[in-house]
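Q: Below you will find the structure I want to go over with you.
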Amino acid sequence: MTDEPVNEQPNNDENEHSASAIFVELMRQAAAKAVHKPAKSDPDEVDGASEAQPQADRDPDVADEPSLEPPSEEHQIRRVRPRLVLRRPQPSSMAGGFLGTVFVVVVSTALVATLLMFFVNPEFLSPAVVQGLQGEHDEIIAGIGAARPTPAQTPQWLRRIGIISGHHGRGQNLDYDPGAVCYDEYGRVQLREETINFAVATRVVDNLEALNFTVDMLDEFDPRLVDYRADALVSIHANSCIDFGEVVSGYIVSKSDARPDTGTDVFLRECIALNYAANIPLERSFNETEDMINNHAWRKIHPLTPGVILEMGFMLADQEILTTQHDLLAHAITMGILCYIENVGPYASLARSTSQSADYLVPLLATPTPIFDR
């Protein structure tokens with residue numbers, strides 16, 4: 001008997017079982033890799049792990065069959081959805097925010113004004129308001145409104161004036177000088193210079209503030225005098241009460257001896273002297289003392305601050321005027337200051353145009369050196 005080879009037919013069940021086992025093993029490996037690797041944001045890439053096996057190795061009949069052993073929960077493939085990442089708004093600058101706010105306000109105002117203009121019935125407005133607006137319109141058209149003066153006086157706060165009340169404010173200053181003193185026949189104090197100076201100085205300050213000037217009331221040794229800057233500085237004093245054996249009367253106006261004999265200091269001195277003489281019945285004296293021309297205030301104030309010292313009169317011979325005419329004395333000093341302020345500096349024309357006190361006198365001097373921004 002001849003041995004013939006027997007053709008063994010392949011077992012389809014074993015082939016199918018082997019294919020299923022292979023598929024399950026591939027699924028387990030893919031699940032293990034998915035657990036140890038970070039999840040991807042693209043779901044197509046995660047789903048593509050199950051398609052790693054070539055199409056040629058798949059059996060459509062076997063793929064539809066359930067797997068022999070379902071994978072455990074830790075081996076299951078996780079589907080990761082992509083997260084939506086929002087970009088943070090860029091912080092805007094403060095200037096940009098301010099300009100944006102201004103723009104919104106301007107546009108809103110324009111829109112509201114436009115709506116009111118087109119949609120508001122004029123009958124809702126008060127007849128008095130309509131009549132006033134119509135009158136203003138007619139005056140502007142006729143050219144009358146431009147020539148009408150403003151009802152309020154133009155303020156003079158751009159000009160600063162310093163007033164020193166002579167010998168006032170002792171404080172802790174060891175160099176304090178009480179000023180001149182008058183005694184009676186029994187040696188008792190009858191009159192103090194400090195009292196006269198303060199009474200007149202406060203009235204001068206009130207007069208200037210009523211004209212809207214910026215005024216500083218200063219003590220004799222005021223710490224603000226150091227590098228003090230103003231358009232004018234006037235130190236108010238009264239002269240000695242000593243009996244010289246003869247009648248000594250009159251007022252004295254003096255500037256710093258270190259300042260030049262031309263310019264603003266001289267013009268301020270002559271303005272004070274001329275207007276003081278026009279209001280007070282006293283003669284001008286030129287007996288300047290060292291305390292006047294070299295006063296401690298001249299060594300402290302700013303070099304561009306013009307300053308003068310006024311001795312209003314002698315406390316013995318001119319005592320009646322110094323004690324009973326405080327308002328008149330203050331008026332005379334105020335006129336002298338206005339003479340200077342309204343004729344010197346960059347605001348001189350403005351001051352003259354708004355002045356309500358044209359009764360002061362201007363000295364016949366050359367035009368003083370103008371004061372510009374200091």
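Ordered as shown in the structure tokens, chains take letters A, B, and onward, while each chain numbers its residues from 1 and ligands are numbered from 1 in the order shown.
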Extract, using only C-alpha atoms, all DNA, RNA and protein residues at most 8 Å from Gly169 of chain A, discarding same-chain residues fewer than 5 positions from it, and format them as an NGL selection string.
A: :A and (219-222)
Q: Take the residues from that selection and put them in a file with all heavy atoms, as a PDB file, in the first residue's frame.
A:
ATOM      1  N   ASP A 219       4.327 138.695  59.655  1.00  0.00           N
ATOM      2  CA  ASP A 219       4.877 139.271  60.879  1.00  0.00           C
ATOM      3  C   ASP A 219       6.251 139.868  60.603  1.00  0.00           C
ATOM      4  O   ASP A 219       6.849 139.667  59.531  1.00  0.00           O
ATOM      5  CB  ASP A 219       4.971 138.203  61.973  1.00  0.00           C
ATOM      6  CG  ASP A 219       3.595 137.731  62.427  1.00  0.00           C
ATOM      7  OD1 ASP A 219       2.634 138.504  62.274  1.00  0.00           O
ATOM      8  OD2 ASP A 219       3.492 136.586  62.912  1.00  0.00           O
ATOM      9  N   GLU A 220       6.776 140.563  61.595  1.00  0.00           N
ATOM     10  CA  GLU A 220       8.085 141.207  61.433  1.00  0.00           C
ATOM     11  C   GLU A 220       9.181 140.186  61.114  1.00  0.00           C
ATOM     12  O   GLU A 220       9.986 140.378  60.208  1.00  0.00           O
ATOM     13  CB  GLU A 220       8.432 141.978  62.701  1.00  0.00           C
ATOM     14  CG  GLU A 220       9.804 142.642  62.693  1.00  0.00           C
ATOM     15  CD  GLU A 220       9.882 143.808  61.711  1.00  0.00           C
ATOM     16  OE1 GLU A 220       8.855 144.504  61.518  1.00  0.00           O
ATOM     17  OE2 GLU A 220      10.976 144.036  61.154  1.00  0.00           O
ATOM     18  N   PHE A 221       9.202 139.095  61.878  1.00  0.00           N
ATOM     19  CA  PHE A 221      10.198 138.039  61.643  1.00  0.00           C
ATOM     20  C   PHE A 221       9.504 136.760  61.163  1.00  0.00           C
ATOM     21  O   PHE A 221       9.786 135.666  61.646  1.00  0.00           O
ATOM     22  CB  PHE A 221      10.997 137.772  62.922  1.00  0.00           C
ATOM     23  CG  PHE A 221      11.877 138.928  63.327  1.00  0.00           C
ATOM     24  CD1 PHE A 221      11.432 139.863  64.252  1.00  0.00           C
ATOM     25  CD2 PHE A 221      13.138 139.085  62.773  1.00  0.00           C
ATOM     26  CE1 PHE A 221      12.225 140.934  64.626  1.00  0.00           C
ATOM     27  CE2 PHE A 221      13.941 140.151  63.142  1.00  0.00           C
ATOM     28  CZ  PHE A 221      13.491 141.086  64.076  1.00  0.00           C
ATOM     29  N   ASP A 222       8.629 136.931  60.213  1.00  0.00           N
ATOM     30  CA  ASP A 222       7.876 135.798  59.677  1.00  0.00           C
ATOM     31  C   ASP A 222       8.821 134.834  58.944  1.00  0.00           C
ATOM     32  O   ASP A 222       9.648 135.272  58.133  1.00  0.00           O
ATOM     33  CB  ASP A 222       6.792 136.288  58.706  1.00  0.00           C
ATOM     34  CG  ASP A 222       5.676 135.278  58.535  1.00  0.00           C
ATOM     35  OD1 ASP A 222       5.977 134.152  58.125  1.00  0.00           O
ATOM     36  OD2 ASP A 222       4.511 135.628  58.806  1.00  0.00           O
TER      37      ASP A 222
END
Q: If you run DSSP on this backbone, which residues of segment 218-338 of chain A come out as strand (DSSP E), and could you give them as a list in words?
A: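 Of segment 218-338 of chain A, only Leu218, Ala232, Leu233, Val234, Ser235, Ile236, His237, Ala238, Asn239, Ile252, Val253, Ser254, Lys255, Gly307, Val308, Ile309, Leu310, Glu311, Met312, Gly313 and Phe314 of chain A fall in strand (DSSP E).
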Q: Okay, now the selection with N, CA and C atoms, as a short mmCIF file (atom, residue, chain, number, x, y, z; two decimals), in the first residue's frame?
A:
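File selection_30.cif, as written:
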data_model
loop_
_atom_site.label_atom_id
_atom_site.label_comp_id
_atom_site.auth_asym_id
_atom_site.auth_seq_id
_atom_site.Cartn_x
_atom_site.Cartn_y
_atom_site.Cartn_z
N LEU A 218 2.08 139.30 56.92
CA LEU A 218 3.33 138.77 57.45
C LEU A 218 3.71 139.47 58.75
N ALA A 232 4.92 142.57 45.03
CA ALA A 232 5.29 143.75 45.82
C ALA A 232 5.26 143.37 47.30
N LEU A 233 6.15 144.01 48.06
CA LEU A 233 6.21 143.81 49.52
C LEU A 233 6.32 145.17 50.18
N VAL A 234 5.41 145.45 51.12
CA VAL A 234 5.41 146.73 51.84
C VAL A 234 5.44 146.45 53.33
N SER A 235 6.44 147.01 54.02
CA SER A 235 6.57 146.86 55.46
C SER A 235 6.08 148.16 56.11
N ILE A 236 5.05 148.04 56.95
CA ILE A 236 4.38 149.21 57.52
C ILE A 236 4.90 149.46 58.94
N HIS A 237 5.37 150.69 59.18
CA HIS A 237 5.94 151.06 60.49
C HIS A 237 5.48 152.46 60.88
N ALA A 238 5.75 152.80 62.15
CA ALA A 238 5.60 154.17 62.65
C ALA A 238 6.94 154.57 63.27
N ASN A 239 7.23 155.86 63.21
CA ASN A 239 8.56 156.32 63.61
C ASN A 239 8.64 156.63 65.10
N ILE A 252 8.38 158.65 55.80
CA ILE A 252 9.59 158.24 55.08
C ILE A 252 9.29 156.94 54.34
N VAL A 253 9.69 156.87 53.08
CA VAL A 253 9.57 155.64 52.29
C VAL A 253 10.97 155.28 51.80
N SER A 254 11.39 154.04 52.08
CA SER A 254 12.76 153.64 51.77
C SER A 254 12.78 152.25 51.17
N LYS A 255 13.74 152.03 50.30
CA LYS A 255 13.99 150.71 49.72
C LYS A 255 15.34 150.21 50.20
N GLY A 307 10.56 145.61 47.23
CA GLY A 307 10.07 145.88 48.58
C GLY A 307 10.45 147.26 49.07
N VAL A 308 9.57 147.83 49.90
CA VAL A 308 9.83 149.14 50.51
C VAL A 308 9.34 149.10 51.95
N ILE A 309 9.88 149.99 52.76
CA ILE A 309 9.43 150.16 54.13
C ILE A 309 8.87 151.57 54.26
N LEU A 310 7.71 151.66 54.90
CA LEU A 310 7.03 152.96 55.07
C LEU A 310 6.97 153.30 56.55
N GLU A 311 7.53 154.44 56.88
CA GLU A 311 7.37 155.02 58.21
C GLU A 311 6.24 156.04 58.11
N MET A 312 5.07 155.70 58.64
CA MET A 312 3.86 156.50 58.40
C MET A 312 3.90 157.88 59.05
N GLY A 313 4.72 158.04 60.07
CA GLY A 313 4.82 159.33 60.76
C GLY A 313 5.48 159.13 62.11
N PHE A 314 5.79 160.24 62.77
CA PHE A 314 6.42 160.19 64.08
C PHE A 314 5.33 160.09 65.14
#
Q: From a DSSP calculation on the backbone, collect every residue of segment 226-314 of chain A in helix (DSSP H, G or I) and output the set as a PyMOL selection string.
A: chain A and resi 264-279+290-293+296-299
Q: Go through A:Arg203, A:Arg188, A:His168, A:His302 and flag the residue nearest Ala230 of chain A, using only C-alpha atoms for the distances.
A: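 Among the listed residues, the smallest separation from Ala230 of chain A belongs to A:His302.
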Q: Could you check which of A:Val112, A:Ala30, A:Arg159, A:Ala180 is closest to Leu208 of chain A, using only C-alpha atoms?
A: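 Closest candidate: A:Arg159.
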Q: Grab the atom CA of Ser256 of chain A to atom CA of Glu320 of chain A distance for me, in Å with one decimal place.
A: 29.3 Å
Q: Rounded to one decimal place, report the atom CA of Ala278 of chain A-atom CA of Leu361 of chain A distance in Å.
A: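 Computing the Euclidean distance for atom CA of Ala278 of chain A and atom CA of Leu361 of chain A yields 8.2 Å.
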